[in-house]
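For reference, the structure discussed in these notes is given below.
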Amino acid sequence: MRHMLPLILAVLTIAVLTYGDVAKSLGAHPWWSQKTLMIGTPIGLILAALASLKITALPRTILFTLFTLAAFGIAKYGQTQFAASYAEDALAGSLWYFGWIATGTMLSAGLFSVFQTLMPRS
């Protein structure tokens, strides 16, 4: 039961970000900016729930934050290279797309960890 409130808060936060199409304003392609967050979120929540069984809260949160930044960096690199190639670099396009899925994955995992850390111990 202790995992339910952080899970709900993480899902609601991602839902707000998806509804506001924040990913598009950060550089995701308009066609799949919302889809990538919706694909990555359940994966990230499962990953965070499993990681919470083995890794303590602070290191887990730091790790997910670093992975979120790395995934975002990969997505931005893919975006710039894809645009520079006039949409011909398939690898760059894949980095852009899957980088955004990974960003959604790691962001939702990080949010779960943060909310779980903030929960009072009972």
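So you can find residues: chains in the structure tokens are A, B, ... in the order shown, residues in each start at 1, and ligands are numbered from 1 in order.
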Requested in this report: Name all residues at most 10 Å from Thr65 in chain A (count only C-alpha atoms; drop same-chain ones fewer than 6 positions away) and give them as an MDAnalysis selection string.
Outcome: chainID A and resid 59 71 103 106:107 109:111 113:114
Next, the residues of the selection above should be written as a PDB file, in the first residue's frame with N, CA and C atoms.
```pdb
ATOM      1  N   PRO A  59      19.997   7.272  -3.213  1.00  0.00           N
ATOM      2  CA  PRO A  59      20.779   6.852  -4.382  1.00  0.00           C
ATOM      3  C   PRO A  59      19.917   6.531  -5.602  1.00  0.00           C
ATOM      4  N   ALA A  71      19.209  10.526 -20.953  1.00  0.00           N
ATOM      5  CA  ALA A  71      18.218  10.201 -21.991  1.00  0.00           C
ATOM      6  C   ALA A  71      17.799  11.458 -22.747  1.00  0.00           C
ATOM      7  N   THR A 103      13.513   9.140 -21.891  1.00  0.00           N
ATOM      8  CA  THR A 103      13.302  10.293 -21.016  1.00  0.00           C
ATOM      9  C   THR A 103      12.007  10.129 -20.221  1.00  0.00           C
ATOM     10  N   MET A 106      12.626   7.307 -17.551  1.00  0.00           N
ATOM     11  CA  MET A 106      13.452   7.713 -16.414  1.00  0.00           C
ATOM     12  C   MET A 106      12.795   8.826 -15.605  1.00  0.00           C
ATOM     13  N   LEU A 107      12.060   9.720 -16.281  1.00  0.00           N
ATOM     14  CA  LEU A 107      11.364  10.785 -15.559  1.00  0.00           C
ATOM     15  C   LEU A 107      10.285  10.212 -14.650  1.00  0.00           C
ATOM     16  N   ALA A 109      10.175   7.176 -13.446  1.00  0.00           N
ATOM     17  CA  ALA A 109      10.857   6.436 -12.378  1.00  0.00           C
ATOM     18  C   ALA A 109      11.397   7.398 -11.323  1.00  0.00           C
ATOM     19  N   GLY A 110      11.963   8.499 -11.773  1.00  0.00           N
ATOM     20  CA  GLY A 110      12.483   9.492 -10.838  1.00  0.00           C
ATOM     21  C   GLY A 110      11.388  10.141 -10.011  1.00  0.00           C
ATOM     22  N   LEU A 111      10.267  10.452 -10.656  1.00  0.00           N
ATOM     23  CA  LEU A 111       9.149  11.036  -9.914  1.00  0.00           C
ATOM     24  C   LEU A 111       8.615  10.068  -8.869  1.00  0.00           C
ATOM     25  N   SER A 113      10.310   7.805  -7.347  1.00  0.00           N
ATOM     26  CA  SER A 113      11.295   7.764  -6.258  1.00  0.00           C
ATOM     27  C   SER A 113      11.229   9.010  -5.382  1.00  0.00           C
ATOM     28  N   VAL A 114      11.068  10.158  -6.008  1.00  0.00           N
ATOM     29  CA  VAL A 114      10.967  11.397  -5.239  1.00  0.00           C
ATOM     30  C   VAL A 114       9.732  11.373  -4.352  1.00  0.00           C
TER      31      VAL A 114
END
```
Requested in this report: Would you mind listing what lies within 10 Å of range 35-40 of chain A as a count of residues only, with only C-alpha atoms counted and same-chain residues fewer than 3 positions away left out?
Outcome: 29
Output as a short mmCIF file (atom, residue, chain, number, x, y, z; two decimals) with all heavy atoms, in the first residue's frame all residues of range 26-91 of chain A that backbone DSSP marks as alpha helix (DSSP H).
```
data_model
loop_
_atom_site.label_atom_id
_atom_site.label_comp_id
_atom_site.auth_asym_id
_atom_site.auth_seq_id
_atom_site.Cartn_x
_atom_site.Cartn_y
_atom_site.Cartn_z
N SER A 33 5.22 13.49 -29.60
CA SER A 33 5.68 14.06 -28.33
C SER A 33 4.91 13.52 -27.13
O SER A 33 5.49 13.26 -26.07
CB SER A 33 5.60 15.59 -28.37
OG SER A 33 4.28 16.01 -28.60
N GLN A 34 3.62 13.34 -27.27
CA GLN A 34 2.82 12.82 -26.17
C GLN A 34 2.89 11.30 -26.10
O GLN A 34 2.90 10.71 -25.02
CB GLN A 34 1.36 13.27 -26.31
CG GLN A 34 1.21 14.76 -26.15
CD GLN A 34 -0.21 15.23 -26.37
OE1 GLN A 34 -0.90 14.72 -27.25
NE2 GLN A 34 -0.64 16.19 -25.58
N LYS A 35 3.00 10.66 -27.25
CA LYS A 35 3.04 9.20 -27.29
C LYS A 35 4.28 8.64 -26.59
O LYS A 35 4.21 7.61 -25.93
CB LYS A 35 2.99 8.71 -28.73
CG LYS A 35 1.68 9.00 -29.43
CD LYS A 35 1.80 8.64 -30.91
CE LYS A 35 0.59 9.04 -31.70
NZ LYS A 35 0.43 10.47 -31.88
N THR A 36 5.41 9.31 -26.75
CA THR A 36 6.64 8.79 -26.15
C THR A 36 6.57 8.80 -24.63
O THR A 36 7.07 7.87 -23.99
CB THR A 36 7.87 9.58 -26.62
OG1 THR A 36 7.67 10.98 -26.36
CG2 THR A 36 8.14 9.36 -28.10
N LEU A 37 5.95 9.82 -24.07
CA LEU A 37 5.78 9.84 -22.60
C LEU A 37 4.81 8.76 -22.16
O LEU A 37 5.02 8.12 -21.12
CB LEU A 37 5.29 11.20 -22.13
CG LEU A 37 6.28 12.36 -22.24
CD1 LEU A 37 5.64 13.66 -21.75
CD2 LEU A 37 7.55 12.08 -21.49
N MET A 38 3.78 8.52 -22.93
CA MET A 38 2.82 7.49 -22.56
C MET A 38 3.41 6.08 -22.70
O MET A 38 3.03 5.18 -21.98
CB MET A 38 1.54 7.62 -23.39
CG MET A 38 0.75 8.86 -23.02
SD MET A 38 -0.89 8.96 -23.76
CE MET A 38 -0.51 9.16 -25.48
N ILE A 39 4.34 5.90 -23.62
CA ILE A 39 5.02 4.62 -23.75
C ILE A 39 6.00 4.43 -22.61
O ILE A 39 6.09 3.35 -22.01
CB ILE A 39 5.74 4.52 -25.11
CG1 ILE A 39 4.74 4.48 -26.26
CG2 ILE A 39 6.66 3.30 -25.15
CD1 ILE A 39 5.36 4.68 -27.63
N GLY A 40 6.76 5.46 -22.29
CA GLY A 40 7.82 5.35 -21.29
C GLY A 40 7.33 5.29 -19.86
O GLY A 40 7.97 4.66 -19.01
N THR A 41 6.21 5.90 -19.56
CA THR A 41 5.74 5.99 -18.18
C THR A 41 5.51 4.63 -17.51
O THR A 41 6.03 4.39 -16.43
CB THR A 41 4.49 6.87 -18.10
OG1 THR A 41 4.86 8.20 -18.49
CG2 THR A 41 3.94 6.91 -16.68
N PRO A 42 4.75 3.72 -18.09
CA PRO A 42 4.55 2.44 -17.40
C PRO A 42 5.85 1.66 -17.21
O PRO A 42 6.04 1.01 -16.19
CB PRO A 42 3.56 1.68 -18.28
CG PRO A 42 3.38 2.45 -19.51
CD PRO A 42 3.97 3.79 -19.32
N ILE A 43 6.73 1.75 -18.19
CA ILE A 43 8.03 1.07 -18.07
C ILE A 43 8.80 1.65 -16.89
O ILE A 43 9.37 0.92 -16.07
CB ILE A 43 8.84 1.21 -19.38
CG1 ILE A 43 8.09 0.58 -20.55
CG2 ILE A 43 10.23 0.59 -19.23
CD1 ILE A 43 8.65 0.95 -21.91
N GLY A 44 8.82 2.96 -16.79
CA GLY A 44 9.53 3.63 -15.70
C GLY A 44 8.95 3.33 -14.33
O GLY A 44 9.69 3.16 -13.36
N LEU A 45 7.64 3.26 -14.25
CA LEU A 45 7.01 2.97 -12.96
C LEU A 45 7.30 1.54 -12.50
O LEU A 45 7.55 1.30 -11.31
CB LEU A 45 5.51 3.23 -13.05
CG LEU A 45 5.14 4.70 -13.26
CD1 LEU A 45 3.64 4.84 -13.48
CD2 LEU A 45 5.61 5.57 -12.12
N ILE A 46 7.30 0.61 -13.44
CA ILE A 46 7.67 -0.76 -13.08
C ILE A 46 9.13 -0.82 -12.66
O ILE A 46 9.47 -1.46 -11.65
CB ILE A 46 7.38 -1.71 -14.27
CG1 ILE A 46 5.88 -1.83 -14.50
CG2 ILE A 46 8.01 -3.08 -14.03
CD1 ILE A 46 5.50 -2.49 -15.81
N LEU A 47 9.99 -0.15 -13.41
CA LEU A 47 11.41 -0.11 -13.07
C LEU A 47 11.64 0.50 -11.69
O LEU A 47 12.41 -0.03 -10.88
CB LEU A 47 12.17 0.71 -14.13
CG LEU A 47 13.65 0.91 -13.92
CD1 LEU A 47 14.39 -0.42 -14.07
CD2 LEU A 47 14.18 1.92 -14.92
N ALA A 48 10.95 1.58 -11.39
CA ALA A 48 11.11 2.24 -10.09
C ALA A 48 10.60 1.37 -8.95
O ALA A 48 11.21 1.31 -7.89
CB ALA A 48 10.39 3.58 -10.10
N ALA A 49 9.49 0.70 -9.18
CA ALA A 49 8.94 -0.18 -8.14
C ALA A 49 9.90 -1.32 -7.85
O ALA A 49 10.14 -1.68 -6.68
CB ALA A 49 7.58 -0.71 -8.55
N LEU A 50 10.49 -1.89 -8.89
CA LEU A 50 11.46 -2.96 -8.69
C LEU A 50 12.74 -2.45 -8.03
O LEU A 50 13.31 -3.10 -7.15
CB LEU A 50 11.78 -3.64 -10.02
CG LEU A 50 10.64 -4.44 -10.66
CD1 LEU A 50 11.04 -4.91 -12.05
CD2 LEU A 50 10.22 -5.59 -9.77
N ALA A 51 13.18 -1.27 -8.46
CA ALA A 51 14.40 -0.70 -7.88
C ALA A 51 14.20 -0.34 -6.41
O ALA A 51 15.14 -0.40 -5.62
CB ALA A 51 14.83 0.53 -8.67
N SER A 52 12.98 0.01 -6.04
CA SER A 52 12.72 0.39 -4.64
C SER A 52 12.87 -0.79 -3.70
O SER A 52 13.02 -0.60 -2.49
CB SER A 52 11.34 1.02 -4.50
OG SER A 52 10.33 0.07 -4.68
N LEU A 53 12.84 -1.99 -4.24
CA LEU A 53 13.02 -3.17 -3.40
C LEU A 53 14.48 -3.41 -3.05
O LEU A 53 14.78 -4.06 -2.05
CB LEU A 53 12.47 -4.41 -4.13
CG LEU A 53 10.98 -4.39 -4.48
CD1 LEU A 53 10.62 -5.60 -5.31
CD2 LEU A 53 10.13 -4.30 -3.22
N LYS A 54 15.40 -2.89 -3.88
CA LYS A 54 16.82 -3.18 -3.70
C LYS A 54 17.69 -1.96 -3.38
O LYS A 54 18.71 -2.09 -2.75
CB LYS A 54 17.39 -3.83 -4.98
CG LYS A 54 16.78 -5.16 -5.30
CD LYS A 54 17.28 -6.21 -4.36
CE LYS A 54 16.69 -7.57 -4.73
NZ LYS A 54 17.09 -8.60 -3.82
N ALA A 57 16.37 5.05 -1.08
CA ALA A 57 15.69 6.16 -1.75
C ALA A 57 16.62 7.20 -2.37
O ALA A 57 16.47 7.54 -3.54
CB ALA A 57 14.74 6.84 -0.78
N LEU A 58 17.55 7.72 -1.63
CA LEU A 58 18.37 8.81 -2.16
C LEU A 58 19.25 8.36 -3.33
O LEU A 58 19.24 9.03 -4.38
CB LEU A 58 19.22 9.44 -1.04
CG LEU A 58 20.04 10.65 -1.47
CD1 LEU A 58 19.13 11.76 -2.00
CD2 LEU A 58 20.86 11.16 -0.31
N PRO A 59 20.00 7.27 -3.21
CA PRO A 59 20.78 6.85 -4.38
C PRO A 59 19.92 6.53 -5.60
O PRO A 59 20.29 6.82 -6.74
CB PRO A 59 21.52 5.59 -3.91
CG PRO A 59 21.50 5.67 -2.43
CD PRO A 59 20.28 6.43 -2.05
N ARG A 60 18.75 5.97 -5.38
CA ARG A 60 17.84 5.63 -6.47
C ARG A 60 17.35 6.90 -7.16
O ARG A 60 17.33 6.98 -8.39
CB ARG A 60 16.67 4.83 -5.92
CG ARG A 60 15.73 4.31 -6.96
CD ARG A 60 14.63 3.46 -6.37
NE ARG A 60 13.71 4.26 -5.56
CZ ARG A 60 13.47 4.08 -4.28
NH1 ARG A 60 14.07 3.14 -3.60
NH2 ARG A 60 12.61 4.86 -3.65
N THR A 61 17.00 7.91 -6.38
CA THR A 61 16.53 9.17 -6.95
C THR A 61 17.64 9.86 -7.75
O THR A 61 17.40 10.37 -8.85
CB THR A 61 16.00 10.09 -5.84
OG1 THR A 61 14.97 9.39 -5.13
CG2 THR A 61 15.44 11.37 -6.39
N ILE A 62 18.84 9.87 -7.20
CA ILE A 62 19.98 10.47 -7.91
C ILE A 62 20.25 9.72 -9.21
O ILE A 62 20.47 10.32 -10.26
CB ILE A 62 21.22 10.50 -6.99
CG1 ILE A 62 21.01 11.48 -5.86
CG2 ILE A 62 22.48 10.85 -7.79
CD1 ILE A 62 22.06 11.42 -4.77
N LEU A 63 20.22 8.40 -9.14
CA LEU A 63 20.46 7.58 -10.32
C LEU A 63 19.42 7.85 -11.41
O LEU A 63 19.78 8.06 -12.58
CB LEU A 63 20.45 6.11 -9.91
CG LEU A 63 20.86 5.09 -10.95
CD1 LEU A 63 22.34 5.24 -11.27
CD2 LEU A 63 20.59 3.69 -10.43
N PHE A 64 18.16 7.87 -11.04
CA PHE A 64 17.11 8.13 -12.03
C PHE A 64 17.20 9.56 -12.59
O PHE A 64 16.91 9.78 -13.76
CB PHE A 64 15.73 7.87 -11.45
CG PHE A 64 15.40 6.40 -11.28
CD1 PHE A 64 14.67 5.97 -10.19
CD2 PHE A 64 15.82 5.47 -12.20
CE1 PHE A 64 14.36 4.63 -10.04
CE2 PHE A 64 15.52 4.12 -12.06
CZ PHE A 64 14.79 3.70 -10.97
N THR A 65 17.61 10.50 -11.77
CA THR A 65 17.79 11.87 -12.26
C THR A 65 18.91 11.94 -13.29
O THR A 65 18.75 12.56 -14.35
CB THR A 65 18.09 12.82 -11.09
OG1 THR A 65 17.01 12.77 -10.15
CG2 THR A 65 18.28 14.25 -11.57
N LEU A 66 20.03 11.28 -13.00
CA LEU A 66 21.14 11.25 -13.95
C LEU A 66 20.76 10.55 -15.25
O LEU A 66 21.10 11.00 -16.34
CB LEU A 66 22.37 10.59 -13.33
CG LEU A 66 23.02 11.36 -12.18
CD1 LEU A 66 24.14 10.55 -11.55
CD2 LEU A 66 23.54 12.71 -12.66
N PHE A 67 20.02 9.45 -15.13
CA PHE A 67 19.56 8.73 -16.32
C PHE A 67 18.56 9.56 -17.12
O PHE A 67 18.54 9.48 -18.35
CB PHE A 67 18.95 7.38 -15.95
CG PHE A 67 19.96 6.33 -15.60
CD1 PHE A 67 19.57 5.22 -14.87
CD2 PHE A 67 21.29 6.41 -15.99
CE1 PHE A 67 20.48 4.22 -14.55
CE2 PHE A 67 22.21 5.43 -15.67
CZ PHE A 67 21.81 4.33 -14.95
N THR A 68 17.72 10.35 -16.45
CA THR A 68 16.80 11.24 -17.15
C THR A 68 17.56 12.27 -17.96
O THR A 68 17.25 12.52 -19.13
CB THR A 68 15.85 11.95 -16.16
OG1 THR A 68 15.12 10.97 -15.43
CG2 THR A 68 14.88 12.87 -16.88
N LEU A 69 18.58 12.87 -17.34
CA LEU A 69 19.39 13.85 -18.06
C LEU A 69 20.13 13.23 -19.23
O LEU A 69 20.23 13.83 -20.31
CB LEU A 69 20.37 14.51 -17.08
CG LEU A 69 19.73 15.37 -15.99
CD1 LEU A 69 20.79 15.84 -14.99
CD2 LEU A 69 18.99 16.56 -16.60
N ALA A 70 20.65 12.02 -19.05
CA ALA A 70 21.34 11.33 -20.13
C ALA A 70 20.38 11.01 -21.28
O ALA A 70 20.72 11.22 -22.46
CB ALA A 70 22.00 10.05 -19.62
N ALA A 71 19.21 10.53 -20.95
CA ALA A 71 18.22 10.20 -21.99
C ALA A 71 17.80 11.46 -22.75
O ALA A 71 17.67 11.45 -23.97
CB ALA A 71 17.00 9.52 -21.36
N PHE A 72 17.60 12.55 -22.02
CA PHE A 72 17.25 13.81 -22.66
C PHE A 72 18.38 14.28 -23.57
O PHE A 72 18.13 14.76 -24.68
CB PHE A 72 16.91 14.87 -21.61
CG PHE A 72 16.52 16.19 -22.20
CD1 PHE A 72 15.28 16.34 -22.80
CD2 PHE A 72 17.37 17.27 -22.14
CE1 PHE A 72 14.90 17.56 -23.36
CE2 PHE A 72 17.00 18.50 -22.68
CZ PHE A 72 15.76 18.64 -23.30
N GLY A 73 19.61 14.13 -23.12
CA GLY A 73 20.77 14.51 -23.94
C GLY A 73 20.84 13.68 -25.22
O GLY A 73 21.13 14.21 -26.31
N ILE A 74 20.57 12.40 -25.12
CA ILE A 74 20.55 11.53 -26.30
C ILE A 74 19.44 11.96 -27.26
O ILE A 74 19.64 12.03 -28.48
CB ILE A 74 20.40 10.06 -25.88
CG1 ILE A 74 21.68 9.58 -25.20
CG2 ILE A 74 20.03 9.17 -27.08
CD1 ILE A 74 21.55 8.24 -24.50
N ALA A 75 18.28 12.28 -26.71
CA ALA A 75 17.16 12.73 -27.55
C ALA A 75 17.51 14.04 -28.26
O ALA A 75 17.23 14.19 -29.46
CB ALA A 75 15.90 12.90 -26.71
N LYS A 76 18.09 14.97 -27.55
CA LYS A 76 18.46 16.26 -28.17
C LYS A 76 19.54 16.07 -29.24
O LYS A 76 19.49 16.71 -30.29
CB LYS A 76 18.94 17.26 -27.11
CG LYS A 76 17.86 17.78 -26.21
CD LYS A 76 16.72 18.42 -26.98
CE LYS A 76 17.02 19.86 -27.34
NZ LYS A 76 15.86 20.54 -27.95
N TYR A 77 20.51 15.20 -28.96
CA TYR A 77 21.55 14.92 -29.95
C TYR A 77 20.92 14.33 -31.21
O TYR A 77 21.23 14.74 -32.33
CB TYR A 77 22.60 13.97 -29.38
CG TYR A 77 23.61 13.52 -30.39
CD1 TYR A 77 24.66 14.37 -30.77
CD2 TYR A 77 23.52 12.28 -31.00
CE1 TYR A 77 25.58 13.98 -31.72
CE2 TYR A 77 24.43 11.88 -31.95
CZ TYR A 77 25.46 12.73 -32.31
OH TYR A 77 26.37 12.34 -33.26
N GLY A 78 20.03 13.35 -31.02
CA GLY A 78 19.35 12.75 -32.16
C GLY A 78 18.55 13.77 -32.95
O GLY A 78 18.55 13.76 -34.19
N GLN A 79 17.89 14.67 -32.23
CA GLN A 79 17.10 15.72 -32.89
C GLN A 79 17.98 16.60 -33.76
O GLN A 79 17.66 16.85 -34.93
CB GLN A 79 16.38 16.57 -31.85
CG GLN A 79 15.63 17.73 -32.43
CD GLN A 79 15.17 18.73 -31.37
OE1 GLN A 79 15.58 18.66 -30.22
NE2 GLN A 79 14.33 19.66 -31.76
N THR A 80 19.08 17.08 -33.21
CA THR A 80 19.93 18.00 -33.97
C THR A 80 20.58 17.31 -35.16
O THR A 80 20.67 17.89 -36.25
CB THR A 80 21.01 18.63 -33.07
OG1 THR A 80 21.79 17.59 -32.48
CG2 THR A 80 20.39 19.49 -32.00
N GLN A 81 21.01 16.06 -34.98
CA GLN A 81 21.65 15.34 -36.09
C GLN A 81 20.63 14.97 -37.17
O GLN A 81 20.95 15.00 -38.36
CB GLN A 81 22.35 14.09 -35.57
CG GLN A 81 23.53 14.38 -34.66
CD GLN A 81 24.53 15.33 -35.30
OE1 GLN A 81 25.04 15.08 -36.39
NE2 GLN A 81 24.80 16.44 -34.63
N PHE A 82 19.43 14.63 -36.76
CA PHE A 82 18.39 14.30 -37.72
C PHE A 82 18.03 15.53 -38.54
O PHE A 82 17.89 15.45 -39.77
CB PHE A 82 17.15 13.77 -36.99
CG PHE A 82 16.10 13.21 -37.89
CD1 PHE A 82 16.28 11.99 -38.53
CD2 PHE A 82 14.90 13.88 -38.09
CE1 PHE A 82 15.30 11.46 -39.36
CE2 PHE A 82 13.92 13.36 -38.92
CZ PHE A 82 14.12 12.15 -39.55
N ALA A 83 17.90 16.67 -37.88
CA ALA A 83 17.59 17.91 -38.60
C ALA A 83 18.75 18.31 -39.51
O ALA A 83 18.52 18.76 -40.64
CB ALA A 83 17.28 19.02 -37.62
N ALA A 84 19.97 18.15 -39.04
CA ALA A 84 21.14 18.53 -39.85
C ALA A 84 21.28 17.64 -41.09
O ALA A 84 21.83 18.08 -42.10
CB ALA A 84 22.40 18.45 -39.01
N ALA A 90 18.86 7.88 -40.34
CA ALA A 90 17.90 7.03 -39.62
C ALA A 90 18.34 6.77 -38.19
O ALA A 90 17.50 6.69 -37.29
CB ALA A 90 17.72 5.71 -40.37
N LEU A 91 19.64 6.64 -37.96
CA LEU A 91 20.13 6.42 -36.59
C LEU A 91 19.80 7.62 -35.71
O LEU A 91 19.34 7.45 -34.58
CB LEU A 91 21.63 6.14 -36.58
CG LEU A 91 22.26 6.00 -35.20
CD1 LEU A 91 21.65 4.82 -34.44
CD2 LEU A 91 23.77 5.84 -35.31
#
```
**Report entry** Coordinates-based distance that separates CA of Gly20 in chain A from CA of Ala92 in chain A (Å, one decimal)
**Finding:** 25.8 Å
Report summary line: re CA of Ser94 in chain A and CA of Ser25 in chain A: distance 19.2 Å
Requested in this report: Calculate how many Å separate CA of Val16 in chain A from CA of Leu118 in chain A, rounding to one decimal.
Outcome: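 Computed distance, CA of Val16 in chain A to CA of Leu118 in chain A, equals 19.9 Å.
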